[in-house]
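The next block is my_file05.csv, given as CSV, C-alpha atoms.
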chain,number,residue,atom,x,y,z
L,482,MET,CA,0.0,0.0,0.0
L,483,LEU,CA,1.2,3.5,-0.8
L,484,ARG,CA,0.5,6.7,1.1
L,485,ARG,CA,1.0,10.3,0.1
L,486,VAL,CA,3.7,12.3,1.8
L,487,THR,CA,5.1,15.7,1.0
L,488,SER,CA,8.5,17.2,0.4
L,489,ASP,CA,10.0,20.5,-0.7
L,490,GLY,CA,10.2,20.9,-4.4
L,491,ASP,CA,13.9,21.6,-4.2
L,492,GLY,CA,15.1,18.9,-1.8
L,493,ALA,CA,17.8,18.4,0.7
L,494,VAL,CA,20.5,17.7,-1.9
L,495,GLN,CA,19.9,21.1,-3.4
L,496,ALA,CA,20.0,22.5,0.1
L,497,ALA,CA,23.5,21.3,0.6
L,498,ALA,CA,24.5,22.6,-2.9
L,499,HIS,CA,23.0,26.0,-2.1
L,500,ARG,CA,25.1,26.3,1.1
L,501,ALA,CA,28.2,25.5,-0.9
L,502,ASN,CA,27.9,28.0,-3.7
L,503,ASN,CA,28.4,31.7,-4.2
L,504,PHE,CA,25.0,32.7,-5.4
L,505,ASP,CA,24.1,34.7,-2.3
L,506,PHE,CA,27.3,36.8,-2.8
L,507,VAL,CA,26.7,37.4,-6.5
L,508,ARG,CA,23.1,38.5,-5.8
L,509,VAL,CA,24.2,40.9,-3.1
L,510,VAL,CA,26.8,42.4,-5.5
L,511,ALA,CA,24.1,42.8,-8.2
L,512,ALA,CA,21.8,44.6,-5.7
L,513,LEU,CA,24.7,46.9,-4.8
L,514,CYS,CA,25.3,47.7,-8.4
L,515,VAL,CA,21.7,48.8,-8.7
L,516,LEU,CA,22.0,50.8,-5.5
L,517,LEU,CA,25.2,52.6,-6.7
L,518,SER,CA,23.8,53.3,-10.2
L,519,HIS,CA,20.7,54.9,-8.6
L,520,GLN,CA,22.8,56.9,-6.2
L,521,TYR,CA,24.2,58.7,-9.3
L,522,ALA,CA,20.8,59.2,-10.9
L,523,LEU,CA,19.0,60.4,-7.8
L,524,SER,CA,21.9,62.8,-7.1
L,525,GLY,CA,21.4,64.3,-10.6
L,526,LEU,CA,24.6,62.7,-11.9
L,527,PRO,CA,24.9,60.5,-15.1
L,528,GLU,CA,24.8,56.8,-14.3
L,529,PRO,CA,27.8,54.6,-15.2
L,530,THR,CA,26.9,52.7,-18.4
L,531,LEU,CA,28.3,49.8,-20.4
L,532,TRP,CA,28.5,50.3,-24.2
L,533,GLN,CA,25.3,52.6,-24.0
L,534,LEU,CA,23.3,49.4,-23.5
L,535,HIS,CA,22.7,49.4,-19.8
L,536,SER,CA,23.5,51.4,-16.8
L,537,LEU,CA,25.5,49.7,-14.0
L,538,GLY,CA,22.1,49.1,-12.4
L,539,GLY,CA,20.8,47.5,-15.6
L,540,ILE,CA,23.8,45.1,-15.5
L,541,GLY,CA,22.8,44.2,-12.0
L,542,VAL,CA,19.3,43.4,-13.1
L,543,LEU,CA,20.5,41.2,-15.9
L,544,VAL,CA,22.6,39.3,-13.3
L,545,PHE,CA,19.4,38.8,-11.3
L,546,PHE,CA,17.4,37.6,-14.3
L,547,THR,CA,20.2,35.1,-15.3
L,548,ILE,CA,20.4,33.6,-11.8
L,549,SER,CA,16.6,33.5,-11.5
L,550,GLY,CA,16.3,31.5,-14.8
L,551,PHE,CA,19.0,29.1,-13.7
L,552,LEU,CA,17.5,28.4,-10.2
L,553,VAL,CA,13.8,28.7,-11.0
L,554,ALA,CA,14.1,26.1,-13.8
L,555,GLN,CA,15.6,23.7,-11.2
L,556,SER,CA,12.5,24.4,-9.0
L,557,TRP,CA,10.2,23.5,-11.9
L,558,GLN,CA,12.2,20.3,-12.6
L,559,ALA,CA,12.0,19.2,-9.0
L,560,ASP,CA,8.2,19.7,-8.9
L,561,PRO,CA,6.6,20.4,-12.3
L,562,HIS,CA,3.2,21.4,-10.9
L,563,ALA,CA,1.8,24.8,-12.1
L,564,GLY,CA,-0.1,25.6,-8.9
L,565,ARG,CA,2.7,24.8,-6.5
L,566,PHE,CA,5.3,26.5,-8.8
L,567,ALA,CA,3.2,29.7,-8.8
L,568,ALA,CA,2.7,29.6,-5.0
L,569,ARG,CA,6.5,29.3,-4.4
L,570,ARG,CA,7.2,32.2,-6.8
L,571,LEU,CA,4.6,34.4,-5.1
L,572,LEU,CA,5.7,33.5,-1.6
L,573,ARG,CA,9.2,34.5,-2.6
L,574,ILE,CA,8.3,37.9,-4.0
L,575,TRP,CA,4.9,39.1,-2.8
L,576,PRO,CA,5.2,39.2,1.0
L,577,GLY,CA,8.3,41.4,1.0
L,578,LEU,CA,6.8,43.6,-1.7
L,579,ALA,CA,3.5,43.9,0.3
L,580,ALA,CA,5.4,44.9,3.5
L,581,LEU,CA,7.4,47.5,1.6
L,582,THR,CA,4.3,48.9,-0.2
L,583,LEU,CA,2.4,49.3,3.1
L,584,LEU,CA,5.4,51.0,4.8
L,585,LEU,CA,6.0,53.4,2.0
L,586,ALA,CA,2.3,54.3,1.6
L,587,LEU,CA,1.2,54.5,5.2
L,588,VAL,CA,4.4,55.4,7.2
L,589,TRP,CA,7.1,56.9,5.0
L,590,GLY,CA,4.7,58.9,2.7
L,591,PRO,CA,2.9,60.8,5.5
L,592,LEU,CA,6.3,61.6,7.2
L,593,VAL,CA,7.8,63.2,4.1
L,594,SER,CA,4.7,64.6,2.4
L,595,SER,CA,3.9,68.3,2.8
L,596,LEU,CA,0.2,67.4,3.0
L,597,GLY,CA,-1.6,67.0,6.3
L,598,ALA,CA,-2.6,63.5,7.3
L,599,ALA,CA,-6.2,63.8,6.3
L,600,ASP,CA,-5.4,65.2,2.9
L,601,TYR,CA,-2.7,62.6,2.3
L,602,LEU,CA,-5.0,59.7,3.1
L,603,ARG,CA,-7.8,61.1,0.8
L,604,HIS,CA,-5.5,61.7,-2.1
L,605,PRO,CA,-6.2,59.5,-5.2
L,606,LEU,CA,-2.5,58.8,-5.7
L,607,LEU,CA,-2.5,56.8,-2.4
L,608,LEU,CA,-5.1,54.4,-3.6
L,609,LYS,CA,-3.4,54.0,-7.0
L,610,TYR,CA,-0.1,53.2,-5.3
L,611,PHE,CA,-1.7,50.0,-3.8
L,612,ASN,CA,-1.8,48.6,-7.3
L,613,ASN,CA,1.8,47.6,-6.6
L,614,LEU,CA,0.3,44.8,-4.5
L,615,ARG,CA,-1.1,43.2,-7.7
L,616,PHE,CA,2.2,43.8,-9.5
L,617,SER,CA,0.9,46.8,-11.5
L,618,PHE,CA,3.8,49.2,-11.2
L,619,ARG,CA,3.0,52.6,-9.7
L,620,ASP,CA,5.7,55.1,-8.6
L,621,ALA,CA,3.8,58.1,-7.3
L,622,LEU,CA,2.5,59.1,-3.9
L,623,PRO,CA,1.0,62.4,-2.8
L,624,LEU,CA,4.5,63.9,-2.0
L,625,ARG,CA,7.3,65.8,-3.5
L,626,LEU,CA,10.9,65.7,-2.3
L,627,ASP,CA,11.9,69.2,-3.5
L,628,GLY,CA,15.5,69.5,-4.5
L,629,ASN,CA,16.0,65.9,-5.5
L,630,ALA,CA,16.7,65.0,-9.1
L,631,LEU,CA,13.5,62.9,-9.3
L,632,PRO,CA,11.3,64.6,-6.6
L,633,THR,CA,8.2,62.5,-7.1
L,634,ALA,CA,9.8,59.1,-7.6
L,635,VAL,CA,9.1,56.6,-4.7
L,636,ASP,CA,10.7,53.3,-5.6
L,637,GLY,CA,11.9,53.1,-9.2
L,638,SER,CA,13.4,49.7,-8.8
L,639,LEU,CA,10.0,47.9,-8.6
L,640,TRP,CA,9.3,48.1,-12.3
L,641,THR,CA,11.3,45.0,-13.1
L,642,ILE,CA,9.3,42.7,-10.8
L,643,PRO,CA,6.3,42.4,-13.1
L,644,LEU,CA,8.7,41.6,-15.9
L,645,GLU,CA,10.3,38.8,-13.9
L,646,LEU,CA,6.8,37.3,-13.1
L,647,LYS,CA,6.2,37.2,-16.9
L,648,CYS,CA,9.4,35.2,-17.3
L,649,TYR,CA,8.1,32.8,-14.7
L,650,LEU,CA,4.9,32.4,-16.6
L,651,ALA,CA,6.7,31.8,-19.8
L,652,LEU,CA,8.8,29.1,-18.1
L,653,ALA,CA,5.8,27.4,-16.7
L,654,LEU,CA,4.0,27.4,-20.1
L,655,LEU,CA,7.1,25.8,-21.6
L,656,GLY,CA,7.1,23.2,-18.8
L,657,LEU,CA,3.4,22.4,-19.2
L,658,ALA,CA,4.0,22.0,-22.9
L,659,GLY,CA,6.7,19.5,-22.2
L,660,LEU,CA,9.4,21.6,-23.9
L,661,LEU,CA,11.7,21.6,-20.8
L,662,ARG,CA,12.2,17.9,-20.9
L,663,ALA,CA,14.2,17.9,-24.1
L,664,ARG,CA,17.8,19.0,-23.5
L,665,TRP,CA,18.2,21.3,-26.6
L,666,VAL,CA,14.7,22.9,-27.0
L,667,VAL,CA,15.2,25.9,-24.7
L,668,PRO,CA,18.8,26.6,-25.8
L,669,VAL,CA,17.9,26.5,-29.4
L,670,LEU,CA,14.7,28.6,-29.0
L,671,THR,CA,16.7,31.1,-26.9
L,672,LEU,CA,19.4,31.4,-29.6
L,673,LEU,CA,16.8,31.9,-32.3
L,674,CYS,CA,15.2,34.7,-30.2
L,675,VAL,CA,18.6,36.3,-29.7
L,676,ALA,CA,19.3,36.2,-33.4
L,677,VAL,CA,15.9,37.8,-34.2
L,678,TYR,CA,16.5,40.5,-31.6
L,679,VAL,CA,20.0,41.3,-32.8
L,680,ALA,CA,18.8,41.4,-36.5
L,681,ALA,CA,15.9,43.7,-35.6
L,682,GLY,CA,18.4,46.1,-33.8
L,683,PRO,CA,15.8,47.8,-31.6
L,684,ARG,CA,18.3,49.3,-29.2
L,685,GLY,CA,19.6,52.9,-29.5
L,686,ALA,CA,21.0,55.6,-27.4
L,687,ALA,CA,17.4,57.0,-26.9
L,688,THR,CA,16.5,53.8,-25.1
L,689,MET,CA,18.6,55.0,-22.1
L,690,GLU,CA,16.7,58.2,-21.9
L,691,VAL,CA,13.1,57.4,-22.6
L,692,PHE,CA,11.0,55.1,-20.4
L,693,ASP,CA,7.5,54.3,-21.6
L,694,GLN,CA,5.3,51.2,-22.2
L,695,ASN,CA,7.1,50.4,-25.5
L,696,ILE,CA,10.5,50.5,-23.8
L,697,GLN,CA,9.2,48.3,-21.0
L,698,LYS,CA,8.1,45.7,-23.7
L,699,LEU,CA,11.6,46.0,-25.2
L,700,PHE,CA,13.2,45.4,-21.8
L,701,LEU,CA,10.9,42.5,-21.1
L,702,PHE,CA,12.1,40.8,-24.2
L,703,GLU,CA,15.7,41.7,-23.4
L,704,PHE,CA,15.6,40.6,-19.8
L,705,GLY,CA,13.8,37.5,-20.9
L,706,LEU,CA,16.8,36.6,-23.1
L,707,PHE,CA,19.1,36.6,-20.1
L,708,PHE,CA,16.5,34.8,-18.0
L,709,PHE,CA,16.3,32.0,-20.6
L,710,ALA,CA,20.1,32.0,-21.0
L,711,GLY,CA,20.0,30.9,-17.3
L,712,VAL,CA,17.4,28.3,-18.1
L,713,ALA,CA,19.5,27.0,-21.1
L,714,CYS,CA,22.6,26.8,-18.9
L,715,TRP,CA,20.6,24.7,-16.4
L,716,ARG,CA,19.4,22.4,-19.1
L,717,LEU,CA,22.8,21.9,-20.7
L,718,GLN,CA,24.7,21.7,-17.3
L,719,PRO,CA,27.9,23.3,-18.4
L,720,PHE,CA,28.9,24.0,-14.8
L,721,ALA,CA,28.7,20.5,-13.5
L,722,ASP,CA,32.4,20.5,-12.7
L,723,GLY,CA,35.3,23.0,-12.7
L,724,ARG,CA,36.8,22.0,-16.0
L,725,ARG,CA,33.6,22.3,-17.9
L,726,ALA,CA,32.8,25.6,-16.2
L,727,LEU,CA,36.1,27.0,-17.3
L,728,LEU,CA,35.7,25.8,-20.8
L,729,CYS,CA,32.2,27.2,-21.1
L,730,THR,CA,33.2,30.5,-19.7
L,731,ALA,CA,36.2,30.8,-22.0
L,732,ALA,CA,33.9,29.9,-25.0
L,733,GLY,CA,31.4,32.6,-23.9
L,734,TRP,CA,34.2,35.2,-23.7
L,735,ALA,CA,35.6,34.1,-27.1
L,736,LEU,CA,32.1,34.5,-28.7
L,737,GLY,CA,31.6,37.7,-26.9
L,738,SER,CA,34.9,39.1,-28.2
L,739,ALA,CA,33.9,38.1,-31.8
L,740,ALA,CA,30.5,39.7,-31.4
L,741,TRP,CA,32.1,42.9,-30.1
L,742,ALA,CA,34.5,43.0,-33.0
L,743,ALA,CA,31.6,42.6,-35.4
L,744,GLY,CA,29.9,45.6,-33.9
L,745,GLN,CA,27.3,43.7,-31.9
L,746,PRO,CA,27.6,44.9,-28.3
L,747,PHE,CA,24.3,43.4,-27.1
L,748,LEU,CA,25.3,40.0,-28.5
L,749,ALA,CA,28.7,40.3,-26.8
L,750,LEU,CA,27.0,41.0,-23.5
L,751,TRP,CA,24.7,38.1,-23.9
L,752,PHE,CA,27.5,35.7,-24.6
L,753,VAL,CA,29.7,36.9,-21.7
L,754,LEU,CA,27.4,37.9,-18.8
L,755,PRO,CA,25.3,34.7,-18.2
L,756,VAL,CA,28.3,32.3,-18.3
L,757,THR,CA,30.4,34.5,-16.1
L,758,THR,CA,27.6,35.0,-13.6
L,759,LEU,CA,26.7,31.3,-13.4
L,760,ALA,CA,30.4,30.2,-13.3
L,761,LEU,CA,31.0,32.4,-10.3
L,762,GLY,CA,27.7,31.5,-8.7
L,763,THR,CA,28.0,27.8,-9.0
L,764,ALA,CA,31.6,27.9,-7.7
L,765,SER,CA,32.4,27.5,-4.0
L,766,LEU,CA,35.0,29.9,-2.8
L,767,PRO,CA,35.7,29.9,1.0
L,768,LEU,CA,34.7,33.5,1.8
L,769,LEU,CA,32.1,34.1,-0.9
L,770,ARG,CA,30.0,31.1,-0.1
L,771,ARG,CA,29.4,32.4,3.4
L,772,ALA,CA,27.8,35.6,2.2
L,773,GLY,CA,24.3,34.3,3.0
L,774,ARG,CA,25.0,33.3,6.6
L,775,PHE,CA,22.9,36.3,7.8
L,776,GLY,CA,20.1,35.5,5.4
L,777,ASP,CA,19.3,36.1,1.7
L,778,LEU,CA,19.4,39.9,1.8
L,779,SER,CA,19.6,40.6,-2.0
L,780,TYR,CA,15.8,41.1,-2.5
L,781,GLY,CA,15.5,43.4,0.4
L,782,LEU,CA,18.5,45.4,-0.8
L,783,TYR,CA,17.0,45.7,-4.2
L,784,ILE,CA,13.5,46.9,-3.1
L,785,TYR,CA,14.4,49.1,-0.2
L,786,ALA,CA,17.4,51.0,-1.5
L,787,PHE,CA,15.6,53.5,-3.7
L,788,PRO,CA,13.3,55.0,-1.0
L,789,VAL,CA,16.3,55.1,1.4
L,790,GLN,CA,18.3,57.0,-1.2
L,791,GLN,CA,15.5,59.4,-1.9
L,792,THR,CA,15.1,60.2,1.8
L,793,LEU,CA,18.8,60.5,2.7
L,794,ILE,CA,19.6,62.6,-0.4
L,795,TRP,CA,16.6,64.9,0.4
L,796,LEU,CA,17.8,65.3,4.1
L,797,CYS,CA,21.5,65.3,3.7
L,798,ARG,CA,22.5,66.5,0.3
L,799,ASP,CA,23.5,70.0,1.5
L,800,THR,CA,25.2,68.9,4.7
L,801,LEU,CA,27.1,65.7,3.8
L,802,PRO,CA,29.4,64.8,0.9
L,803,TRP,CA,28.1,62.4,-1.8
L,804,GLY,CA,30.3,59.5,-0.5
L,805,ALA,CA,29.0,59.9,3.1
L,806,VAL,CA,25.4,59.8,1.9
L,807,LEU,CA,26.2,56.7,-0.1
L,808,GLY,CA,27.7,55.1,3.0
L,809,LEU,CA,24.7,55.9,5.1
L,810,THR,CA,22.5,54.5,2.3
L,811,VAL,CA,24.3,51.2,2.2
L,812,LEU,CA,24.2,50.7,6.0
L,813,SER,CA,20.5,51.7,6.3
L,814,THR,CA,19.5,49.5,3.3
L,815,PHE,CA,21.4,46.5,4.7
L,816,ALA,CA,19.5,47.0,8.0
L,817,LEU,CA,16.1,47.1,6.3
L,818,ALA,CA,17.0,44.1,4.1
L,819,PHE,CA,18.0,42.1,7.2
L,820,ALA,CA,14.7,43.0,8.9
L,821,SER,CA,12.8,42.2,5.7
L,822,TRP,CA,14.4,38.7,5.4
L,823,HIS,CA,14.0,37.7,9.0
L,824,LEU,CA,10.6,39.3,9.8
L,825,VAL,CA,8.8,38.8,6.5
L,826,GLU,CA,10.5,36.8,3.7
L,827,LYS,CA,11.9,33.9,5.6
L,828,ARG,CA,8.6,33.4,7.5
L,829,ALA,CA,6.6,33.5,4.2
L,830,LEU,CA,8.8,30.8,2.7
L,831,ARG,CA,7.9,28.4,5.4
L,832,LEU,CA,4.4,28.3,3.8
L,833,LYS,CA,5.8,26.9,0.6
L,834,PRO,CA,3.7,24.0,-0.7
L,835,ARG,CA,5.4,20.7,-0.6
L,836,LYS,CA,5.5,18.1,-3.4
L,837,PRO,CA,3.3,15.0,-2.7
L,838,ARG,CA,5.2,11.8,-2.8
L,839,LEU,CA,4.1,8.2,-2.8
L,840,GLU,CA,5.9,6.0,-0.3
L,841,PRO,CA,5.2,2.5,1.2
L,842,ALA,CA,2.7,2.7,4.1
L,843,GLY,CA,4.5,2.3,7.4
L,844,TRP,CA,7.8,3.5,6.1
L,845,THR,CA,9.1,6.6,7.9
L,846,ARG,CA,11.4,9.0,6.0
L,847,PRO,CA,14.5,9.9,8.0
L,848,GLU,CA,14.8,13.5,9.1
L,849,THR,CA,16.8,15.6,6.7
L,850,ALA,CA,18.2,19.1,6.7
L,851,SER,CA,15.6,21.8,5.8
L,852,ALA,CA,15.3,22.4,2.1
L,853,ARG,CA,17.0,25.6,1.0
L,854,ALA,CA,14.9,28.7,0.8
L,855,ASP,CA,13.5,28.9,-2.8
L,856,ASN,CA,15.4,32.0,-3.9
L,857,GLY,CA,15.1,31.9,-7.6
Starting from the file, lay out its structure as structure tokens.
Amino acid sequence: MLRRVTSDGDGAVQAAAHRANNFDFVRVVAALCVLLSHQYALSGLPEPTLWQLHSLGGIGVLVFFTISGFLVAQSWQADPHAGRFAARRLLRIWPGLAALTLLLALVWGPLVSSLGAADYLRHPLLLKYFNNLRFSFRDALPLRLDGNALPTAVDGSLWTIPLELKCYLALALLGLAGLLRARWVVPVLTLLCVAVYVAAGPRGAATMEVFDQNIQKLFLFEFGLFFFAGVACWRLQPFADGRRALLCTAAGWALGSAAWAAGQPFLALWFVLPVTTLALGTASLPLLRRAGRFGDLSYGLYIYAFPVQQTLIWLCRDTLPWGAVLGLTVLSTFALAFASWHLVEKRALRLKPRKPRLEPAGWTRPETASARADNG
């Protein structure tokens, strides 16, 4: 006789692998790249850019999407069930976002707004801001931080979250269609999409300066190419051992150099960034692999940095030098990220649905280490 039991979709084996890799460190570095890039922009300074393709913060976002594709595809493989997959994704993203949205709208906003409490609470922008709770990006509250470079911006980092959810949806649809089972389907489809994108040549210098719905669609496609580069690397397993990882990374850099020489900077970036990110992430370096010992702080760093920067620049720009404001921003954001992980995100992940398994009645599964937090 068989009975149903449950297990995490990722499993204890992946838990051990997670503890031994550098992904926590790489994600924190990516979040800090976004923070530093925004520090320039919110101070009225030009952001550092790479080849006029992306700002430093944009490169950080591409790193996030690459790692996400690599890890989330493993989560689907471990438990290819659409409902449980969706629940895990939402439990990783929504609770932290919900706490942030409520704090910004109901605590931070009234404190920095020039409106009285009653007028603030009645303002139509307040109600619209809660659309962020359903992943419809809104970046305005009834306030204005006079003197800041972007005086009405609240949290400009959140616009990428709906794009990542769409990548999750695309991955689930591919999985439901059975296209993730074949080893070469996703890599070939991704390469074809990259070829079409490069041939169409939609990017230009104006892309860095204009942000509207059409540009968001362009970035969705572009970020998706890096997300599915991560999925393709999971499917092909080029980082299964150090020698293969080194060869794959070298091949990526060689192809990237050829693309650069051919006048294709986006293609060069696509060849180089995913393999470099995943080679470093899957490695296990003594100091780097311990970056997550205080928790997975990367998501909190990403979502809290922008309002912290807006506040500190508004309060301190005339009294403290730029570097000091940056230092205060980093310290404050790390503190908020630590609180977000331990008070909200980690607790929400305990609610992850477990994969049902059939085991012989009367057989007791031995206790194992807790499965790793689903951080994709």
**Request:** Enumerate, as an MDAnalysis selection string, the protein, DNA and RNA residues whose atoms approach (3.2, 21.0, -12.1) to within 12 Å, taking into account only C-alpha atoms and the coordinate frame of the file.
**Result:** chainID L and resid 490 556:569 652:659 834:837
**Asked** Quick one: residues within 10 Å of Pro767 in chain L, all atoms listed in the file counted, chain neighbours fewer than 5 positions away excluded, as a VMD selection string?
**Response** chain L and resid 501 to 503 772
Just C-alpha atoms for this one: save the residues we selected as a PDB file, in the frame of the given file.
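Generated file (selection_22.pdb):
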ATOM      1  CA  ALA L 501      28.200  25.500  -0.900  1.00  0.00           C
ATOM      2  CA  ASN L 502      27.900  28.000  -3.700  1.00  0.00           C
ATOM      3  CA  ASN L 503      28.400  31.700  -4.200  1.00  0.00           C
ATOM      4  CA  ALA L 772      27.800  35.600   2.200  1.00  0.00           C
TER       5      ALA L 772
END
**Asked** So how many Å separate CA of Ala829 in chain L and CA of Thr582 in chain L, to one decimal?
**Response** 16.2 Å
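Residues lying within 7 Å of range 630-644 of chain L, counting all atoms listed in the file and ignoring same-chain neighbours fewer than 2 positions away, are Leu523, Ser524, Gly525, Phe616, Phe618, Asp620, Ala621, Leu624, Arg625, Leu626, Asp627, Gly628, Leu646, Lys647, Cys648, Leu701, Ile784, Phe787 and Pro788 of chain L.
Using only C-alpha atoms, the shortest contact distance between Ser813 in chain L and any of L:Leu830, L:Leu793, L:Leu728, L:Val588 is found at L:Leu793.
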Show me, as a tab-separated table (two decimals) with C-alpha atoms, keeping the file's coordinate frame, the residues that have an atom within 12 Å of Ala598 in chain L when counting all atoms listed in the file, minus same-chain residues fewer than 6 positions from it.
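Listed below is the output, out-v9.tsv:
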chain	number	residue	atom	x	y	z
L	586	ALA	CA	2.30	54.30	1.60
L	587	LEU	CA	1.20	54.50	5.20
L	588	VAL	CA	4.40	55.40	7.20
L	589	TRP	CA	7.10	56.90	5.00
L	590	GLY	CA	4.70	58.90	2.70
L	591	PRO	CA	2.90	60.80	5.50
L	592	LEU	CA	6.30	61.60	7.20
L	604	HIS	CA	-5.50	61.70	-2.10
L	607	LEU	CA	-2.50	56.80	-2.40
L	623	PRO	CA	1.00	62.40	-2.80
L	624	LEU	CA	4.50	63.90	-2.00
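The residue that comes closest to Gly804 in chain L, out of L:Glu645, L:Trp575, L:Ala663, L:Tyr521 and on the basis of only C-alpha atoms, is L:Tyr521.
With distances restricted to all atoms listed in the file, L:Gly762 is the closest residue to Ala726 in chain L from L:Gly538, L:Gly762, L:Gly550, L:Pro527.
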**Asked** Which of these, L:His823, L:Arg724, L:Arg615, L:Arg771, has the shortest distance to Val507 in chain L once you count only C-alpha atoms?
**Response** L:Arg771
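Distance-wise, CA of Leu807 in chain L and CA of Leu622 in chain L end up 24.1 Å apart.
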Counting only C-alpha atoms, which residues of range 518-595 of chain L sit at most 10 Å from some atom of range 734-748 of chain L, and what is each one's closest atom pair with its distance in Å to one decimal, listed by chain and rising residue number, as a tab-separated table?
residue	atom	partner	partner_atom	distance
L:Leu531	CA	L:Pro746	CA	9.3
L:Trp532	CA	L:Pro746	CA	6.8
L:Gln533	CA	L:Pro746	CA	9.1
L:Leu534	CA	L:Phe747	CA	7.1
L:His535	CA	L:Phe747	CA	9.6
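Relative to CA of Leu537 in chain L, CA of Asn612 in chain L is found at 28.1 Å.
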